[in-house]
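As provided, query-v7.tsv (TSV, C-alpha atoms) reads as follows.
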```
chain	number	residue	atom	x	y	z
A	1	SER	CA	-61.98	-12.71	-38.46
A	2	GLU	CA	-60.97	-14.62	-41.53
A	3	ILE	CA	-59.67	-12.85	-44.59
A	4	PHE	CA	-59.42	-14.57	-47.94
A	5	ILE	CA	-57.25	-13.01	-50.63
A	6	PRO	CA	-58.09	-14.37	-54.09
A	7	GLN	CA	-54.70	-15.41	-55.46
A	8	TRP	CA	-56.14	-16.07	-58.90
A	9	ALA	CA	-57.29	-12.45	-59.18
A	10	VAL	CA	-54.17	-10.90	-57.66
A	11	HIS	CA	-51.87	-12.99	-59.87
A	12	ARG	CA	-53.69	-11.65	-62.95
A	13	ASP	CA	-53.66	-7.98	-61.98
A	14	PRO	CA	-52.51	-5.84	-64.94
A	15	ARG	CA	-50.95	-3.35	-62.51
A	16	TRP	CA	-48.22	-5.91	-61.79
A	17	PHE	CA	-48.02	-8.10	-64.90
A	18	ASP	CA	-48.03	-7.27	-68.62
A	19	ASN	CA	-50.65	-9.40	-70.40
A	20	PRO	CA	-51.60	-11.15	-67.15
A	21	GLU	CA	-53.89	-13.70	-68.81
A	22	ARG	CA	-51.16	-14.87	-71.19
A	23	PHE	CA	-49.06	-17.93	-70.34
A	24	ASP	CA	-45.57	-16.42	-70.26
A	25	PRO	CA	-42.94	-18.31	-68.27
A	26	ASP	CA	-40.36	-15.74	-69.38
A	27	ARG	CA	-42.08	-13.08	-67.26
A	28	TRP	CA	-39.92	-14.29	-64.36
A	29	LEU	CA	-36.59	-13.80	-66.16
A	30	ASP	CA	-34.11	-10.95	-66.35
A	31	GLY	CA	-35.45	-8.95	-63.42
A	32	ARG	CA	-38.79	-8.31	-65.15
A	33	THR	CA	-40.59	-8.70	-61.81
A	34	ASP	CA	-38.16	-6.76	-59.62
A	35	ASP	CA	-40.61	-3.86	-59.30
A	36	ILE	CA	-43.73	-5.78	-58.30
A	37	PRO	CA	-44.85	-5.61	-54.64
A	38	ARG	CA	-43.92	-8.49	-52.35
A	39	PHE	CA	-47.34	-10.17	-52.37
A	40	ALA	CA	-48.36	-9.53	-55.98
A	41	TYR	CA	-47.43	-13.21	-56.48
A	42	PHE	CA	-47.88	-15.59	-53.54
A	43	PRO	CA	-48.64	-19.13	-54.76
A	44	PHE	CA	-47.92	-20.61	-51.31
A	45	GLY	CA	-49.37	-17.88	-49.12
A	46	GLY	CA	-47.23	-15.57	-47.06
A	47	GLY	CA	-46.35	-14.26	-43.67
A	48	PRO	CA	-46.40	-16.57	-40.64
A	49	ARG	CA	-48.81	-19.00	-42.37
A	50	VAL	CA	-46.79	-19.59	-45.53
A	51	CYS	CA	-46.89	-23.20	-46.73
A	52	ILE	CA	-43.99	-25.15	-45.21
A	53	GLY	CA	-43.65	-27.17	-48.43
A	54	ASN	CA	-43.25	-24.22	-50.81
A	55	HIS	CA	-39.54	-24.66	-51.56
A	56	PHE	CA	-39.90	-28.41	-51.99
A	57	ALA	CA	-42.94	-28.01	-54.26
A	58	GLN	CA	-41.17	-25.49	-56.51
A	59	MET	CA	-38.06	-27.66	-56.76
A	60	GLU	CA	-40.15	-30.77	-57.44
A	61	ALA	CA	-42.19	-29.02	-60.14
A	62	ILE	CA	-39.05	-27.86	-61.95
A	63	LEU	CA	-37.43	-31.31	-61.80
A	64	VAL	CA	-40.56	-33.23	-62.83
A	65	LEU	CA	-41.50	-30.86	-65.65
A	66	THR	CA	-38.00	-30.69	-67.12
A	67	THR	CA	-37.64	-34.47	-66.95
A	68	ILE	CA	-41.00	-35.05	-68.68
A	69	LEU	CA	-40.59	-32.30	-71.28
A	70	GLN	CA	-37.08	-33.43	-72.23
A	71	ARG	CA	-38.46	-36.84	-73.17
A	72	PHE	CA	-42.00	-36.16	-74.37
A	73	ARG	CA	-44.01	-33.65	-76.36
A	74	LEU	CA	-47.45	-32.87	-74.89
A	75	LYS	CA	-50.27	-31.61	-77.08
A	76	ARG	CA	-53.69	-30.59	-75.82
A	77	VAL	CA	-56.56	-32.72	-77.16
A	78	ALA	CA	-58.57	-30.54	-79.53
A	79	GLY	CA	-62.15	-29.93	-78.46
A	80	HIS	CA	-61.64	-30.89	-74.82
A	81	PRO	CA	-63.05	-28.05	-72.70
A	82	VAL	CA	-60.60	-26.04	-70.63
A	83	ALA	CA	-62.14	-24.20	-67.70
A	84	THR	CA	-60.90	-23.34	-64.25
A	85	MET	CA	-62.41	-24.50	-60.98
A	86	ALA	CA	-61.59	-22.68	-57.77
A	87	SER	CA	-61.14	-24.98	-54.82
A	88	ILE	CA	-58.38	-25.11	-52.22
A	89	THR	CA	-56.18	-24.82	-55.30
A	90	LEU	CA	-57.05	-23.66	-58.79
A	91	ARG	CA	-57.48	-26.63	-61.09
A	92	ALA	CA	-58.84	-27.64	-64.47
A	93	LYS	CA	-62.58	-28.23	-64.09
A	94	HIS	CA	-62.69	-31.08	-66.64
A	95	GLY	CA	-59.10	-32.21	-66.22
A	96	LEU	CA	-56.52	-31.51	-68.88
A	97	GLN	CA	-56.36	-34.03	-71.69
A	98	VAL	CA	-53.17	-34.26	-73.71
A	99	THR	CA	-51.57	-36.68	-76.09
A	100	VAL	CA	-48.05	-37.75	-75.21
A	101	GLN	CA	-45.48	-38.37	-77.92
A	102	PRO	CA	-41.87	-39.35	-77.37
A	103	ARG	CA	-39.37	-36.71	-78.48
A	104	ASP	CA	-36.76	-37.60	-81.03
A	105	GLN	CA	-33.62	-37.64	-78.88
A	106	ASN	CA	-31.67	-35.91	-81.67
A	107	GLN	CA	-34.20	-33.05	-81.90
A	108	SER	CA	-33.98	-29.90	-79.81
A	109	ALA	CA	-36.82	-28.85	-77.52
```
Could you render the structure from this file as structure tokens?
Amino acid sequence: SEIFIPQWAVHRDPRWFDNPERFDPDRWLDGRTDDIPRFAYFPFGGGPRVCIGNHFAQMEAILVLTTILQRFRLKRVAGHPVATMASITLRAKHGLQVTVQPRDQNQSA
């Protein structure tokens, strides 16, 4: 038998996360998630079939995002539709259009 667990739905379960639909990177700080069950958040699967690249992918995402966001300001293009598309991974159905502006190096993030 095959069992599919919808990560998108589990990751937005209000039993485990306050305001689950809200983008809130701070939800992972200060032990705020210490009381959630082990697989309430499983972006790379779990158990014996967990993705072998999970640690690399998380490290890479942090390094790439901090490098980009230190140097540039990204702003979503107004009017461009934002919708999700479920596939092997969850992605933006119409892509995500942004304008990129260099940050003033003397200005704080």
Selection: 12 Å around Pro37 (chain A), only C-alpha atoms, excl. self and same-chain fewer than 2 positions, as a PDB file with C-alpha atoms, in the coordinates of the input:
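New file result-v7.pdb:
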```
ATOM      1  CA  VAL A  10     -54.170 -10.900 -57.660  1.00  0.00           C
ATOM      2  CA  HIS A  11     -51.870 -12.990 -59.870  1.00  0.00           C
ATOM      3  CA  ASP A  13     -53.660  -7.980 -61.980  1.00  0.00           C
ATOM      4  CA  ARG A  15     -50.950  -3.350 -62.510  1.00  0.00           C
ATOM      5  CA  TRP A  16     -48.220  -5.910 -61.790  1.00  0.00           C
ATOM      6  CA  PHE A  17     -48.020  -8.100 -64.900  1.00  0.00           C
ATOM      7  CA  THR A  33     -40.590  -8.700 -61.810  1.00  0.00           C
ATOM      8  CA  ASP A  34     -38.160  -6.760 -59.620  1.00  0.00           C
ATOM      9  CA  ASP A  35     -40.610  -3.860 -59.300  1.00  0.00           C
ATOM     10  CA  PHE A  39     -47.340 -10.170 -52.370  1.00  0.00           C
ATOM     11  CA  ALA A  40     -48.360  -9.530 -55.980  1.00  0.00           C
ATOM     12  CA  TYR A  41     -47.430 -13.210 -56.480  1.00  0.00           C
ATOM     13  CA  PHE A  42     -47.880 -15.590 -53.540  1.00  0.00           C
TER      14      PHE A  42
END
```
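One finds CA of Arg103 (chain A) at 5.4 Å from CA of Arg71 (chain A).
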Could you jot down the CA of His55 (chain A) to CA of Pro43 (chain A) separation for me, Å, one decimal place?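 Atom-to-atom, CA of His55 (chain A) and CA of Pro43 (chain A) are spaced 11.1 Å apart.
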Quick one: distance from CA of Ala61 (chain A) to CA of Pro25 (chain A) in Å, one decimal?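 Interatomic distance, CA of Ala61 (chain A) to CA of Pro25 (chain A): 13.5 Å.
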Closest of A:Gly46, A:Trp28, A:Pro102, A:Phe4 to Leu74 (chain A) - atom-to-atom distances counting all atoms listed in the file: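 Between A:Gly46, A:Trp28, A:Pro102, A:Phe4, the residue approaching Leu74 (chain A) most closely is A:Pro102.
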Residue nearest Ile88 (chain A) - candidates A:Gln7, A:Phe72, A:Asp30, A:Leu65, atoms counted: all atoms listed in the file: A:Gln7
Option closest in space to Lys75 (chain A), from A:Gln58, A:Thr89, A:Gln97, A:Ser1 [counting only C-alpha atoms]: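 Going through A:Gln58, A:Thr89, A:Gln97, A:Ser1 one by one, the smallest distance to Lys75 (chain A) is for A:Gln97.
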Calculated over only C-alpha atoms, which of the candidates A:Ala83, A:Ile62, A:Ala78, A:Ile5 has the smallest distance to Gly45 (chain A)? A:Ile5
Hey, what's within 12 Å of Met85 (chain A) if we count only C-alpha atoms and toss same-chain stuff fewer than 6 positions away? As a list in words, please? Trp8, Arg91, Ala92, Lys93, His94 and Gly95 of chain A
